[in-house]
Structure formats: structure tokens, C-alpha cells
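Shown next: structure-v3.txt, containing compact mmCIF, C-alpha atoms.
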```txt
# COMPACT_ATOMS: atom_id res chain seq x y z
CA MET A 217 63.10 -31.70 53.49
CA SER A 218 60.33 -34.28 53.74
CA THR A 219 57.93 -34.75 50.83
CA ILE A 220 54.18 -34.59 51.42
CA THR A 221 52.76 -37.94 50.33
CA ARG A 222 49.22 -37.80 48.94
CA ILE A 223 46.91 -40.77 48.41
CA ARG A 224 44.35 -40.51 45.61
CA THR A 225 41.68 -43.15 45.12
CA VAL A 226 41.16 -44.53 41.62
CA ASP A 227 38.27 -46.68 40.40
CA SER A 228 39.35 -49.45 38.02
CA SER A 229 35.78 -49.95 36.78
CA LEU A 230 35.91 -46.54 35.06
CA ILE A 231 38.92 -47.53 32.95
CA LYS A 232 38.29 -49.24 29.62
CA PHE A 233 40.41 -50.11 26.60
CA GLY A 234 39.23 -50.34 23.00
CA LYS A 235 39.57 -53.62 21.12
CA PRO A 236 41.74 -53.87 17.99
CA GLU A 237 40.00 -53.84 14.62
CA ASP A 238 41.98 -56.88 13.49
CA PRO A 239 40.87 -59.94 15.52
CA ASN A 240 44.28 -61.54 14.92
CA GLU A 241 46.07 -58.62 16.54
CA HIS A 242 47.15 -58.78 20.17
CA PRO A 243 44.49 -57.00 22.29
CA PHE A 244 47.18 -54.63 23.57
CA ASP A 245 49.23 -54.19 20.44
CA THR A 246 48.34 -50.56 21.06
CA ALA A 247 46.69 -49.25 24.22
CA LYS A 248 43.44 -47.47 23.32
CA LEU A 249 42.47 -45.87 26.62
CA LEU A 250 38.80 -45.02 27.14
CA ILE A 251 37.96 -43.09 30.31
CA GLU A 252 35.39 -40.40 31.05
CA PRO A 253 36.21 -37.23 33.04
CA SER A 254 36.23 -38.20 36.70
CA ASN A 255 38.30 -38.08 39.89
CA THR A 256 39.99 -41.23 38.62
CA LEU A 257 41.04 -39.52 35.39
CA SER A 258 42.21 -36.48 37.36
CA ALA A 259 44.36 -38.66 39.63
CA LEU A 260 45.86 -40.48 36.65
CA GLN A 261 46.60 -37.17 34.93
CA GLU A 262 48.34 -35.87 38.04
CA ALA A 263 50.47 -39.01 38.21
CA ALA A 264 51.24 -38.85 34.49
CA GLU A 265 52.44 -35.24 34.79
CA LEU A 266 54.76 -36.20 37.65
CA LEU A 267 56.23 -39.02 35.59
CA LYS A 268 56.73 -36.86 32.50
CA ASN A 269 57.92 -33.62 34.07
CA THR A 270 59.74 -34.56 37.29
CA ASN A 271 62.09 -37.25 38.55
CA ASP A 272 59.70 -38.19 41.36
CA PRO A 273 58.45 -41.79 41.44
CA VAL A 274 54.74 -42.61 41.75
CA ALA A 275 53.21 -45.63 43.52
CA PHE A 276 50.43 -47.46 41.71
CA PRO A 277 48.59 -50.79 41.93
CA THR A 278 49.26 -53.78 39.71
CA GLU A 279 47.62 -57.19 39.86
CA THR A 280 50.72 -58.54 41.64
CA VAL A 281 51.79 -55.91 44.20
CA TYR A 282 51.97 -52.11 44.32
CA GLY A 283 54.77 -50.74 42.16
CA LEU A 284 56.95 -47.66 42.52
CA GLY A 285 57.41 -46.31 39.01
CA ALA A 286 59.55 -43.76 37.20
CA ASP A 287 60.60 -43.24 33.58
CA ALA A 288 62.80 -46.22 32.71
CA ARG A 289 64.69 -44.18 30.10
CA ARG A 290 65.92 -41.41 32.42
CA THR A 291 68.69 -42.20 34.90
CA ASP A 292 67.81 -39.38 37.31
CA ALA A 293 64.22 -40.60 37.50
CA VAL A 294 65.24 -44.22 38.03
CA TYR A 295 67.71 -43.19 40.70
CA SER A 296 64.82 -41.66 42.67
CA ILE A 297 63.31 -45.15 43.01
CA TYR A 298 66.49 -46.55 44.54
CA LYS A 299 66.73 -43.57 46.88
CA ALA A 300 63.12 -43.82 48.11
CA LYS A 301 63.39 -47.57 48.72
CA ASN A 302 67.02 -47.60 49.92
CA ARG A 303 67.50 -50.34 47.32
CA PRO A 304 70.94 -51.85 46.56
CA ALA A 305 72.37 -50.38 43.35
CA ASP A 306 73.16 -53.79 41.84
CA ASN A 307 69.56 -55.01 42.10
CA PRO A 308 68.02 -54.46 38.63
CA LEU A 309 64.47 -53.29 37.93
CA ILE A 310 61.65 -54.59 35.75
CA VAL A 311 60.27 -52.30 33.04
CA HIS A 312 56.50 -52.06 32.67
CA ILE A 313 54.74 -51.20 29.40
CA ALA A 314 51.13 -50.58 28.36
CA SER A 315 51.31 -52.07 24.86
CA LEU A 316 53.48 -53.95 22.41
CA ASP A 317 53.73 -50.73 20.42
CA GLN A 318 55.18 -48.95 23.46
CA LEU A 319 57.71 -51.76 23.88
CA ARG A 320 58.70 -51.70 20.20
CA ARG A 321 59.23 -47.95 20.34
CA LEU A 322 61.27 -48.32 23.52
CA ILE A 323 63.54 -50.98 22.01
CA SER A 324 63.97 -49.21 18.68
CA LYS A 325 65.32 -46.10 20.40
CA GLY A 326 68.25 -48.23 21.42
CA GLN A 327 69.02 -49.39 17.87
CA PRO A 328 70.73 -47.48 15.07
CA LEU A 329 68.05 -47.03 12.40
CA LYS A 330 68.43 -46.38 8.70
CA SER A 331 64.72 -45.81 8.27
CA LYS A 332 61.58 -45.35 10.32
CA ASP A 333 61.01 -47.45 13.43
CA SER A 334 58.02 -49.05 11.75
CA ASP A 335 60.28 -50.51 9.05
CA LEU A 336 61.91 -52.78 11.60
CA PRO A 337 60.20 -56.20 11.67
CA ASP A 338 58.76 -57.24 15.03
CA SER A 339 61.12 -60.23 15.11
CA SER A 340 64.12 -57.90 15.29
CA LEU A 341 62.63 -56.14 18.32
CA ILE A 342 60.74 -58.72 20.37
CA PRO A 343 62.25 -62.22 19.97
CA GLN A 344 59.72 -64.60 18.43
CA ILE A 345 60.51 -67.19 21.09
CA TYR A 346 58.28 -65.17 23.45
CA LYS A 347 55.22 -64.98 21.17
CA PRO A 348 53.35 -67.93 22.79
CA LEU A 349 53.89 -66.40 26.24
CA ILE A 350 52.93 -62.88 25.16
CA ASP A 351 49.78 -64.16 23.44
CA ARG A 352 48.72 -66.13 26.52
CA PHE A 353 49.96 -64.17 29.52
CA TRP A 354 50.11 -60.49 28.52
CA PRO A 355 48.68 -58.47 30.09
CA GLY A 356 49.54 -60.43 33.21
CA PRO A 357 52.06 -61.36 35.91
CA LEU A 358 54.88 -62.49 33.59
CA SER A 359 58.18 -60.71 32.88
CA ILE A 360 60.45 -61.68 29.99
CA ILE A 361 64.19 -61.09 29.55
CA LEU A 362 65.16 -59.06 26.46
CA PRO A 363 68.61 -58.24 25.09
CA VAL A 364 70.15 -54.77 25.11
CA LYS A 365 71.34 -54.75 21.50
CA ASN A 366 73.16 -51.44 21.45
CA ASN A 367 75.29 -50.57 24.47
CA GLU A 368 76.00 -47.08 23.15
CA HIS A 369 72.28 -46.27 22.92
CA PRO A 370 70.50 -48.61 25.36
CA PRO A 371 66.69 -48.51 25.41
CA VAL A 372 66.61 -48.00 29.19
CA SER A 373 68.85 -46.39 31.77
CA PRO A 374 71.90 -48.50 32.70
CA ILE A 375 70.69 -48.28 36.30
CA VAL A 376 67.63 -50.33 35.31
CA THR A 377 69.82 -53.15 34.01
CA ALA A 378 72.61 -52.79 36.60
CA ASN A 379 74.84 -52.37 33.52
CA GLN A 380 73.99 -55.83 32.20
CA PRO A 381 73.27 -56.77 28.54
CA THR A 382 69.64 -57.69 29.24
CA PHE A 383 66.56 -56.20 30.89
CA ALA A 384 63.24 -57.59 32.09
CA VAL A 385 59.89 -56.25 30.89
CA ARG A 386 56.23 -57.00 31.51
CA MET A 387 52.77 -55.75 30.60
CA PRO A 388 50.71 -55.63 33.82
CA GLN A 389 47.05 -56.58 33.84
CA HIS A 390 45.75 -53.99 36.31
CA PRO A 391 43.69 -51.28 34.54
CA VAL A 392 45.23 -48.49 36.64
CA ALA A 393 48.79 -49.51 35.75
CA LEU A 394 47.92 -49.82 32.06
CA ALA A 395 46.05 -46.51 32.05
CA LEU A 396 48.90 -44.67 33.78
CA MET A 397 51.46 -45.81 31.21
CA ALA A 398 49.10 -45.27 28.27
CA LEU A 399 48.15 -41.78 29.42
CA SER A 400 51.72 -40.69 30.14
CA ASP A 401 53.24 -42.75 27.30
CA VAL A 402 56.08 -43.49 29.72
CA PRO A 403 57.57 -46.99 30.15
CA LEU A 404 58.00 -47.44 33.88
CA ALA A 405 60.84 -49.04 35.79
CA ALA A 406 58.91 -50.26 38.80
CA PRO A 407 59.94 -52.50 41.68
CA SER A 408 57.56 -53.12 44.57
CA ALA A 409 56.61 -49.92 46.40
CA ASN A 410 58.08 -50.84 49.78
CA ALA A 411 61.20 -50.11 51.77
CA SER A 412 63.92 -52.49 50.61
CA THR A 413 63.79 -55.98 52.25
CA ARG A 414 60.30 -55.36 53.71
CA PRO A 415 57.27 -57.47 52.73
CA SER A 416 55.88 -56.31 49.39
CA PRO A 417 52.82 -54.02 49.57
CA THR A 418 49.46 -55.30 48.42
CA GLN A 419 47.46 -52.31 49.68
CA ALA A 420 47.99 -48.54 49.45
CA LYS A 421 48.32 -48.27 53.23
CA HIS A 422 51.32 -50.63 53.10
CA VAL A 423 53.02 -48.24 50.68
CA TYR A 424 52.22 -45.26 52.90
CA ASN A 425 53.60 -47.01 55.99
CA ASP A 426 56.95 -47.60 54.25
CA LEU A 427 57.37 -44.57 51.99
CA GLN A 428 55.49 -41.70 53.65
CA GLY A 429 57.51 -38.52 53.17
CA LYS A 430 59.65 -40.06 50.41
CA ILE A 431 57.30 -40.02 47.41
CA PRO A 432 54.66 -37.47 46.33
CA LEU A 433 51.75 -39.65 45.23
CA ILE A 434 50.13 -43.05 45.79
CA LEU A 435 47.29 -44.18 43.54
CA ASP A 436 44.97 -46.30 45.69
CA GLY A 437 43.29 -48.95 43.57
CA GLY A 438 42.38 -51.31 46.40
CA SER A 439 43.97 -54.67 47.23
CA CYS A 440 46.07 -56.49 44.66
CA GLY A 441 44.49 -59.62 43.24
CA VAL A 442 47.54 -61.89 42.80
CA GLY A 443 49.59 -60.77 45.78
CA LEU A 444 53.03 -62.02 44.63
CA GLU A 445 55.37 -60.44 42.11
CA SER A 446 55.56 -61.55 38.50
CA THR A 447 57.28 -64.65 37.20
CA VAL A 448 60.52 -63.74 35.40
CA VAL A 449 61.51 -66.04 32.54
CA ASN A 450 64.58 -66.08 30.28
CA GLY A 451 63.88 -67.44 26.80
CA LEU A 452 67.21 -66.24 25.39
CA CYS A 453 68.90 -69.46 26.55
CA TYR A 454 68.13 -73.14 26.13
CA PRO A 455 66.41 -74.60 27.93
CA PRO A 456 64.39 -71.55 29.01
CA VAL A 457 64.75 -70.70 32.69
CA ILE A 458 62.40 -69.24 35.29
CA LEU A 459 64.65 -66.81 37.15
CA ARG A 460 61.98 -65.88 39.70
CA PRO A 461 58.75 -67.83 40.33
CA GLY A 462 55.64 -65.67 40.54
CA GLY A 463 52.11 -65.16 39.30
CA VAL A 464 52.45 -67.53 36.31
CA SER A 465 53.38 -71.08 37.27
CA LEU A 466 55.99 -73.38 35.77
CA GLU A 467 53.19 -75.71 34.69
CA GLN A 468 51.40 -72.90 32.83
CA ILE A 469 54.57 -71.93 30.98
CA ARG A 470 55.30 -75.51 29.97
CA ASP A 471 51.73 -75.80 28.66
CA CYS A 472 52.67 -73.25 25.97
CA GLY A 473 54.46 -76.05 24.09
CA GLY A 474 57.51 -75.87 21.85
CA VAL A 475 60.76 -75.08 23.66
CA TRP A 476 58.74 -73.98 26.69
CA VAL A 477 57.96 -77.62 27.49
CA ASN A 478 61.54 -77.90 28.71
CA THR A 479 61.48 -74.81 30.94
CA GLN A 480 63.62 -75.19 34.06
CA VAL A 481 63.66 -73.30 37.37
CA TYR A 482 66.77 -71.36 38.35
CA LYS A 483 68.60 -72.85 41.33
CA PRO A 484 70.85 -70.49 43.30
CA THR A 485 74.46 -71.49 43.84
CA ALA A 486 77.10 -70.35 46.31
CA VAL A 487 78.37 -67.70 43.89
CA ASN A 488 74.98 -65.97 43.94
CA THR A 489 75.47 -64.94 47.54
CA GLU A 490 78.83 -63.31 46.89
CA LYS A 491 79.05 -59.55 47.15
CA ASN A 492 80.19 -59.02 43.55
CA PHE A 493 77.45 -61.19 42.00
CA ILE A 494 75.09 -59.02 39.91
CA PRO A 495 71.65 -60.62 39.53
CA GLN A 496 69.90 -60.66 36.15
CA THR A 497 66.55 -59.89 37.73
CA PRO A 498 65.15 -58.97 41.16
CA GLY A 499 64.81 -61.80 43.66
CA MET A 500 68.02 -63.67 42.75
CA LYS A 501 70.44 -62.32 45.37
CA TYR A 502 69.12 -60.33 48.30
CA ARG A 503 66.96 -61.36 51.22
CA HIS A 504 63.47 -60.01 50.66
CA TYR A 505 59.98 -59.83 52.07
CA SER A 506 61.20 -59.85 55.67
CA PRO A 507 59.11 -58.70 58.63
CA THR A 508 60.81 -57.57 61.82
CA ALA A 509 59.94 -60.79 63.65
CA LYS A 510 61.97 -63.98 63.37
CA VAL A 511 60.22 -66.12 60.74
CA MET A 512 60.35 -69.91 61.18
CA LEU A 513 59.25 -71.78 58.04
CA PHE A 514 58.18 -75.43 58.34
CA LEU A 515 57.73 -77.95 55.54
CA ASP A 516 55.86 -81.18 56.35
CA TYR A 517 55.92 -80.40 60.07
CA LYS A 518 52.89 -80.98 62.28
CA GLU A 519 51.80 -78.32 64.75
CA ARG A 520 53.40 -79.98 67.79
CA GLU A 521 56.69 -80.50 65.94
CA ALA A 522 56.79 -76.83 65.00
CA MET A 523 56.02 -75.82 68.59
CA ASP A 524 58.92 -77.94 69.86
CA CYS A 525 61.26 -76.00 67.55
CA LEU A 526 59.81 -72.75 68.85
CA TYR A 527 60.39 -73.84 72.46
CA ASP A 528 64.04 -74.45 71.58
CA GLN A 529 64.30 -70.87 70.33
CA LEU A 530 62.59 -69.48 73.43
CA ARG A 531 65.02 -71.35 75.68
CA GLN A 532 68.00 -70.03 73.72
CA LYS A 533 66.73 -66.48 74.17
CA ASN A 534 65.63 -67.01 77.81
CA MET A 535 62.07 -66.02 76.90
CA ASP A 536 59.00 -67.22 78.76
CA LYS A 537 56.26 -68.69 76.56
CA ASP A 538 53.65 -66.45 78.20
CA GLU A 539 55.68 -63.32 77.49
CA ALA A 540 56.66 -64.13 73.91
CA ARG A 541 54.36 -62.75 71.24
CA ILE A 542 53.75 -65.52 68.71
CA GLY A 543 52.29 -65.30 65.23
CA VAL A 544 51.15 -68.35 63.28
CA LEU A 545 50.39 -68.45 59.55
CA CYS A 546 48.57 -71.63 58.62
CA SER A 547 47.51 -72.84 55.20
CA ARG A 548 46.17 -76.32 54.56
CA LYS A 549 46.63 -78.49 57.67
CA TRP A 550 47.52 -76.58 60.84
CA LYS A 551 44.71 -75.95 63.35
CA LYS A 552 44.47 -73.02 65.76
CA GLU A 553 43.45 -75.01 68.82
CA VAL A 554 46.76 -76.92 68.89
CA PHE A 555 48.58 -73.65 69.57
CA GLY A 556 46.26 -72.72 72.46
CA GLU A 557 48.95 -73.00 75.13
CA PHE A 558 50.45 -69.70 73.98
CA SER A 559 48.67 -66.85 75.75
CA ASN A 560 50.03 -64.17 73.42
CA LEU A 561 49.05 -65.72 70.08
CA THR A 562 47.94 -64.20 66.77
CA PHE A 563 46.70 -66.90 64.39
CA LEU A 564 46.05 -65.97 60.75
CA ASP A 565 44.71 -68.21 58.00
CA LEU A 566 46.47 -67.86 54.64
CA GLY A 567 43.83 -69.99 52.91
CA GLU A 568 43.88 -73.40 51.28
CA GLU A 569 43.90 -72.58 47.56
CA GLY A 570 47.16 -71.35 46.06
CA SER A 571 45.54 -68.16 44.81
CA GLU A 572 44.26 -67.38 48.33
CA ILE A 573 47.68 -67.93 49.87
CA THR A 574 49.49 -65.70 47.36
CA LYS A 575 46.96 -62.93 47.88
CA ASN A 576 47.17 -63.05 51.69
CA LEU A 577 50.85 -63.79 52.29
CA PHE A 578 52.45 -60.33 52.32
CA ALA A 579 49.43 -58.66 53.91
CA HIS A 580 49.46 -61.16 56.79
CA LEU A 581 53.22 -60.76 57.34
CA ARG A 582 52.68 -57.00 57.59
CA GLU A 583 49.75 -57.45 59.98
CA LEU A 584 51.93 -59.53 62.30
CA ASP A 585 54.62 -56.86 62.12
CA LEU A 586 52.13 -54.24 63.28
CA LYS A 587 51.23 -56.46 66.23
CA GLY A 588 54.91 -56.60 67.22
CA VAL A 589 55.22 -60.39 67.36
CA ASP A 590 58.58 -61.92 68.25
CA PHE A 591 58.28 -65.14 66.23
CA VAL A 592 56.22 -66.14 63.19
CA LEU A 593 55.60 -69.84 62.58
CA VAL A 594 54.63 -70.52 58.96
CA GLU A 595 53.16 -73.70 57.53
CA GLY A 596 54.88 -74.35 54.19
CA VAL A 597 53.21 -75.77 51.09
CA ALA A 598 54.20 -78.16 48.31
CA GLU A 599 56.19 -76.53 45.51
CA ASP A 600 53.78 -77.21 42.65
CA ASN A 601 51.71 -74.64 40.75
CA GLU A 602 51.48 -71.47 42.92
CA GLY A 603 53.40 -73.26 45.67
CA LEU A 604 56.72 -72.71 43.91
CA ALA A 605 56.36 -68.91 44.14
CA ILE A 606 54.92 -69.06 47.67
CA MET A 607 57.86 -71.06 49.00
CA ASN A 608 60.32 -68.87 47.10
CA ARG A 609 59.03 -65.80 48.95
CA LEU A 610 58.76 -67.54 52.29
CA SER A 611 62.27 -68.96 52.10
CA LYS A 612 63.62 -65.43 51.50
CA ALA A 613 61.58 -64.04 54.40
CA ALA A 614 62.52 -66.81 56.82
CA SER A 615 65.23 -66.64 59.44
CA MET A 616 65.09 -70.41 59.80
CA VAL A 617 63.78 -73.10 57.44
CA PHE A 618 62.84 -76.49 58.87
CA THR A 619 62.50 -79.56 56.69
CA LYS A 620 62.40 -83.20 57.70
CA ASP A 621 66.10 -83.41 56.83
CA SER A 622 67.44 -80.51 58.91
CA PRO A 623 66.82 -76.84 59.74
CA SER A 624 68.85 -74.15 57.99
```
In C-alpha cells, what does this structure look like?
Amino acid sequence: MSTITRIRTVDSSLIKFGKPEDPNEHPFDTAKLLIEPSNTLSALQEAAELLKNTNDPVAFPTETVYGLGADARRTDAVYSIYKAKNRPADNPLIVHIASLDQLRRLISKGQPLKSKDSDLPDSSLIPQIYKPLIDRFWPGPLSIILPVKNNEHPPVSPIVTANQPTFAVRMPQHPVALALMALSDVPLAAPSANASTRPSPTQAKHVYNDLQGKIPLILDGGSCGVGLESTVVNGLCYPPVILRPGGVSLEQIRDCGGVWVNTQVYKPTAVNTEKNFIPQTPGMKYRHYSPTAKVMLFLDYKEREAMDCLYDQLRQKNMDKDEARIGVLCSRKWKKEVFGEFSNLTFLDLGEEGSEITKNLFAHLRELDLKGVDFVLVEGVAEDNEGLAIMNRLSKAASMVFTKDSPS
């Protein structure tokens, strides 16, 4: 039986959080939610009741993309996320929390205690290595890898971790996400709220298009500001490693000093494509972010060079250039007029600044999907700052990647 999916609008401007009394305390050591009675509060309360009293997942906005959340501690609830998305069972989830206090309480439930949770020093719960990152980037688009210290009483469902000894956690910046977790007091396992392998959703309508009839509620908080998923970093090893580039850049992490100066970026190897490889975090194994069209990604190619590659593809498929529906995503150099010989062309501008490109990328891929294009030509960007995350997503979406060395 199909589920009726409701969309409820929420207004972020109505959501406030109180500041800590101690100026040296992290602003979200505890989440002090301040919100007046309103339709926004009513929608949040409805979502909170679903999360506390059912196994149904709820879609909600974050600053990165829309998430599909359920109680990270309950296996039946987490399973509902995998079912709604048709997500592979060995693809772990990221846990979202509203405060450091919520994270400490989550972790301590997985440890054998001889006294009250509060008697455990913070250093035994949240590794001190992460303090510079937490102070600078939380709330924000950064996920950190934490150890599961007690396998008999893990803090989260084994489905969240894919039965591994670590799990990823982040504190999102979006007021709606923070308010939902503070109001429900539920830590949320939450991947992107899309059908598995599809481009991540940055608007509520994207979620509805993918998951209508599979989830009961979508909180519509408008478009996401960042547009790409969080950066995932592992500080439990040396040197620290970025497992998935995202909303916080390598350069920003290295600026935190100390051991973080030596942060490296994870490079996939042949073993990571094998069927039995279990990734430590989302984005390390499976193809993601893919529209229906064939995506051709070009790095350091001019417009005419990219068009020549497209003509090769059209010849291989016996397609006429006037019949083929072509989409073009440009960023910093490509010009629309060069592609004018294609009569069935949709040309979309991703923007020139990295922040513009990240915000527009998934939305534009979805727009081209709705137009039913056959091929998407994408102008790549340099892999510095936001470019690292942009190219990571595009390379996973692409059917073919063209560099000046050779296509793959």
C-alpha cells in the first residue's frame, strides 16, 4: 500500500537558538531551541512525533542537501531509510546531531558506565583531535569519523555503520535540521533524500519526485545553500584523511593547524570497486548523482573539442545531431553561442564561483533529466577549494571522463 506523502512548509527565520552563558562554551554544546507557536512549529512537532513513535523516515532540509532521517539508534527505523531509497545495505549512513550534549549522550549509551554519563570526561567520548574542527566548522557541512568503542552495546544501529568499528557524525547548520533534532531529541541517520544513485535533492520538489508514496512527510525549507554533501574526514589515523570531499575544503581543514596541516585526500584503489569492499563512509564505492542521460565530463577541453567527442558518440549510436537532445553545463569558460549548431540544445550556467557551482550542480542535472536530454556535456573545474568536491561528484555522475591524456 502506497504512503501519502505530505509537504509542509517551514520558515527558518522563525527558528532561534539561545546562546550559552559561558562565552568559552561551544555555541551548540546544548541546543536551546526558541520558537513561537506557528505553522513551522506545528510541522516540526509532527515530524518529531513520527521520528519518536514510528519507524517512518522524514525528509528535511540541511545546508548541504535534503536529508532522509530516522532514529539512528533503532534498526527498524534505519532500515526504513534503505527501503525508501533502495540503498545498498553495505553503504553506511552519517548520523546527524543537534548539539555536543546529544552526541555525548549518544556515545555514552554505547559504553559500560560505572557512574553517571556526566562523569565521563569529554576526551573519552569525542576525541580531542577533532576539537579544532568542531570549534570552527560545527554547525556546518563537515562529518567526522568516531570509533564504536563497545561492539556489544554500540551507540547506533549496526545498519548505520554497515557493521564497521566506526561511524560518521555531523552537526548540520540548517535551522530546520537543528530544530527537528532538538525538538525530538533524536539523533538522525540521514543520507540524501533521493532514490539511490540519483542526483542529490536540493529542493523539496526533488525529494517528492523521487520518494512520493514512500515516505510520509517532507519539510520544505526552500533551496539548500551549499548544494553538495558534507566533507567526511577521518582524524583517527595519521595523517588525517578526507574520505569524501564536500562543503568544507581541504584548504580550510589544513588551516586548522596541528596535525590537520598534513591532511590528505583519499584516493580510491582497485579494491574499492570490488563487490565485497565495505566503504567507511558514503561516496567511497558506488556510482552516485547520476541523471538518466549520458554525462560526458571534460577537463581543460574547449567547446569545439568537446563537441567533436560528442559527434563521435552520436555516430556510434547512429543518432542525427538535429534529433539528439543535448544538455550543456558550463562554468567558467564555455560560451553558449559555440554550441549553436545543435537545434535541440539546453544550455545551463553553473556559475563561476565555486559556491555558485556547488549550489547549482544537482539542481541543473535534475532539470536536464526532466527535459529528457540524451547527452550532457559538462565543463570541469580545477580541483582546488570547492573544485575538489565538485569534480568528485561529477566524476561519479559521468559516463565518460575526458582529460587531455585520454577519456575513461
Inset, instruction - Could you check which of A:Gly556, A:Pro432, A:Pro308, A:Pro391 is closest to A:Glu262, using all atoms listed in the file? - result: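 Closest residue, counting all atoms listed in the file: A:Pro432.
Using all atoms listed in the file, the protein and nucleic acid residues lying no more than 10 Å from A:Leu513, apart from those fewer than 5 places from it along its own chain, are Ala522, Leu545, Val592, Leu593, Val594, Glu595, Gly596, Met607, Leu610, Ser611, Ala613, Ala614, Ser615, Met616, Val617, Phe618, Thr619, Pro623 and Ser624 of chain A.
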Inset, instruction - Could you check which of A:Leu250, A:Leu561, A:Val442, A:Val477 is closest to A:Gly234, using only C-alpha atoms? - result: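 Result for the nearest residue to A:Gly234: A:Leu250.
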Inset, instruction - Would you kindly identify which residues have an atom no farther than 9 Å from (46.8, -43.9, 45.2), using all atoms listed in the file and the file's own coordinates, and write them out as a ChimeraX atom specification? - result: /A:222-226,259,274-277,420,433-438
Legend entry - Å distance separating atom CA of A:Gln480 from atom CA of A:Pro348, one decimal place: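 Interatomic distance here is 16.9 Å.
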Inset, instruction - Identify which of the residues A:Leu257, A:Ile431, A:Gly441, A:Trp476 lies closest to A:Leu399, counting only C-alpha atoms when measuring atom-to-atom distances. - result: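 Checking each of A:Leu257, A:Ile431, A:Gly441, A:Trp476 against A:Leu399, counting only C-alpha atoms, the winner is A:Leu257.
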Legend entry - Closest of A:Ala411, A:Leu452, A:Met512, A:Leu530 to A:Tyr424 - atom-to-atom distances counting all atoms listed in the file: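 Using all atoms listed in the file, the shortest distance to A:Tyr424 belongs to A:Ala411.
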Legend entry - atom CA of A:Gln344 to atom CA of A:Glu237, straight-line distance in Å: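 Pair atom CA of A:Glu237 / atom CA of A:Gln344 returns 22.8 Å.
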Inset, instruction - Give the answer as one residue: which of A:Met387, A:Val311, A:Val294, A:Ile220 has the shortest atom-to-atom distance to A:Ala247, using all atoms listed in the file? - result: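 So, comparing all the options, the nearest one is A:Met387.
The interatomic distance for the pair atom CA of A:Ile231 and atom CA of A:Val392 works out to 7.4 Å.
Once A:Ser400 and its same-chain neighbours fewer than 5 positions away are set aside, Gln261, Ala264, Glu265, Leu267 and Lys268 of chain A remain within 8 Å of it when counting all atoms listed in the file.
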Inset, instruction - Choose the residue, out of A:Ser254, A:Leu396, A:Val402, A:Lys248, that has the smallest atom-to-atom separation from A:Leu319; count all atoms listed in the file. - result: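 Comparing A:Ser254, A:Leu396, A:Val402, A:Lys248 against A:Leu319, the winner is A:Val402.
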Inset, instruction - For A:Pro415, work out the shell of residues within 12 Å, counting all atoms listed in the file and skipping chain neighbours fewer than 5 positions away, then give it as a VMD selection string. - result: chain A and resid 281 to 282 408 to 410 422 to 423 425 to 426 443 to 445 503 to 509 576 to 585 609 to 610 612 to 614
Could you write those residues out with C-alpha atoms, as a PDB file, in the coordinates of the input?
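Final output, saved to result38.pdb:
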```pdb
ATOM      1  CA  VAL A 281      51.790 -55.910  44.200  1.00  0.00           C
ATOM      2  CA  TYR A 282      51.970 -52.110  44.320  1.00  0.00           C
ATOM      3  CA  SER A 408      57.560 -53.120  44.570  1.00  0.00           C
ATOM      4  CA  ALA A 409      56.610 -49.920  46.400  1.00  0.00           C
ATOM      5  CA  ASN A 410      58.080 -50.840  49.780  1.00  0.00           C
ATOM      6  CA  HIS A 422      51.320 -50.630  53.100  1.00  0.00           C
ATOM      7  CA  VAL A 423      53.020 -48.240  50.680  1.00  0.00           C
ATOM      8  CA  ASN A 425      53.600 -47.010  55.990  1.00  0.00           C
ATOM      9  CA  ASP A 426      56.950 -47.600  54.250  1.00  0.00           C
ATOM     10  CA  GLY A 443      49.590 -60.770  45.780  1.00  0.00           C
ATOM     11  CA  LEU A 444      53.030 -62.020  44.630  1.00  0.00           C
ATOM     12  CA  GLU A 445      55.370 -60.440  42.110  1.00  0.00           C
ATOM     13  CA  ARG A 503      66.960 -61.360  51.220  1.00  0.00           C
ATOM     14  CA  HIS A 504      63.470 -60.010  50.660  1.00  0.00           C
ATOM     15  CA  TYR A 505      59.980 -59.830  52.070  1.00  0.00           C
ATOM     16  CA  SER A 506      61.200 -59.850  55.670  1.00  0.00           C
ATOM     17  CA  PRO A 507      59.110 -58.700  58.630  1.00  0.00           C
ATOM     18  CA  THR A 508      60.810 -57.570  61.820  1.00  0.00           C
ATOM     19  CA  ALA A 509      59.940 -60.790  63.650  1.00  0.00           C
ATOM     20  CA  ASN A 576      47.170 -63.050  51.690  1.00  0.00           C
ATOM     21  CA  LEU A 577      50.850 -63.790  52.290  1.00  0.00           C
ATOM     22  CA  PHE A 578      52.450 -60.330  52.320  1.00  0.00           C
ATOM     23  CA  ALA A 579      49.430 -58.660  53.910  1.00  0.00           C
ATOM     24  CA  HIS A 580      49.460 -61.160  56.790  1.00  0.00           C
ATOM     25  CA  LEU A 581      53.220 -60.760  57.340  1.00  0.00           C
ATOM     26  CA  ARG A 582      52.680 -57.000  57.590  1.00  0.00           C
ATOM     27  CA  GLU A 583      49.750 -57.450  59.980  1.00  0.00           C
ATOM     28  CA  LEU A 584      51.930 -59.530  62.300  1.00  0.00           C
ATOM     29  CA  ASP A 585      54.620 -56.860  62.120  1.00  0.00           C
ATOM     30  CA  ARG A 609      59.030 -65.800  48.950  1.00  0.00           C
ATOM     31  CA  LEU A 610      58.760 -67.540  52.290  1.00  0.00           C
ATOM     32  CA  LYS A 612      63.620 -65.430  51.500  1.00  0.00           C
ATOM     33  CA  ALA A 613      61.580 -64.040  54.400  1.00  0.00           C
ATOM     34  CA  ALA A 614      62.520 -66.810  56.820  1.00  0.00           C
TER      35      ALA A 614
END
```
Please write as a PDB file with C-alpha atoms, in the frame of the given file the list of polymer residues whose atoms come within 8 Å of (55.9, -56.4, 27.6), counting only C-alpha atoms and keeping to the coordinates of the file.
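Written out: out.pdb:
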```pdb
ATOM      1  CA  HIS A 312      56.500 -52.060  32.670  1.00  0.00           C
ATOM      2  CA  ILE A 313      54.740 -51.200  29.400  1.00  0.00           C
ATOM      3  CA  ALA A 314      51.130 -50.580  28.360  1.00  0.00           C
ATOM      4  CA  SER A 315      51.310 -52.070  24.860  1.00  0.00           C
ATOM      5  CA  LEU A 316      53.480 -53.950  22.410  1.00  0.00           C
ATOM      6  CA  LEU A 319      57.710 -51.760  23.880  1.00  0.00           C
ATOM      7  CA  ILE A 350      52.930 -62.880  25.160  1.00  0.00           C
ATOM      8  CA  TRP A 354      50.110 -60.490  28.520  1.00  0.00           C
ATOM      9  CA  PRO A 355      48.680 -58.470  30.090  1.00  0.00           C
ATOM     10  CA  SER A 359      58.180 -60.710  32.880  1.00  0.00           C
ATOM     11  CA  ILE A 360      60.450 -61.680  29.990  1.00  0.00           C
ATOM     12  CA  VAL A 385      59.890 -56.250  30.890  1.00  0.00           C
ATOM     13  CA  ARG A 386      56.230 -57.000  31.510  1.00  0.00           C
ATOM     14  CA  MET A 387      52.770 -55.750  30.600  1.00  0.00           C
TER      15      MET A 387
END
```
Inset, instruction - Write out as a VMD selection string the residues lying within 12 Å of A:Val475, counting only C-alpha atoms and excluding same-chain residues fewer than 4 positions away. - result: chain A and resid 344 to 349 450 to 457 469 to 471 479 to 480
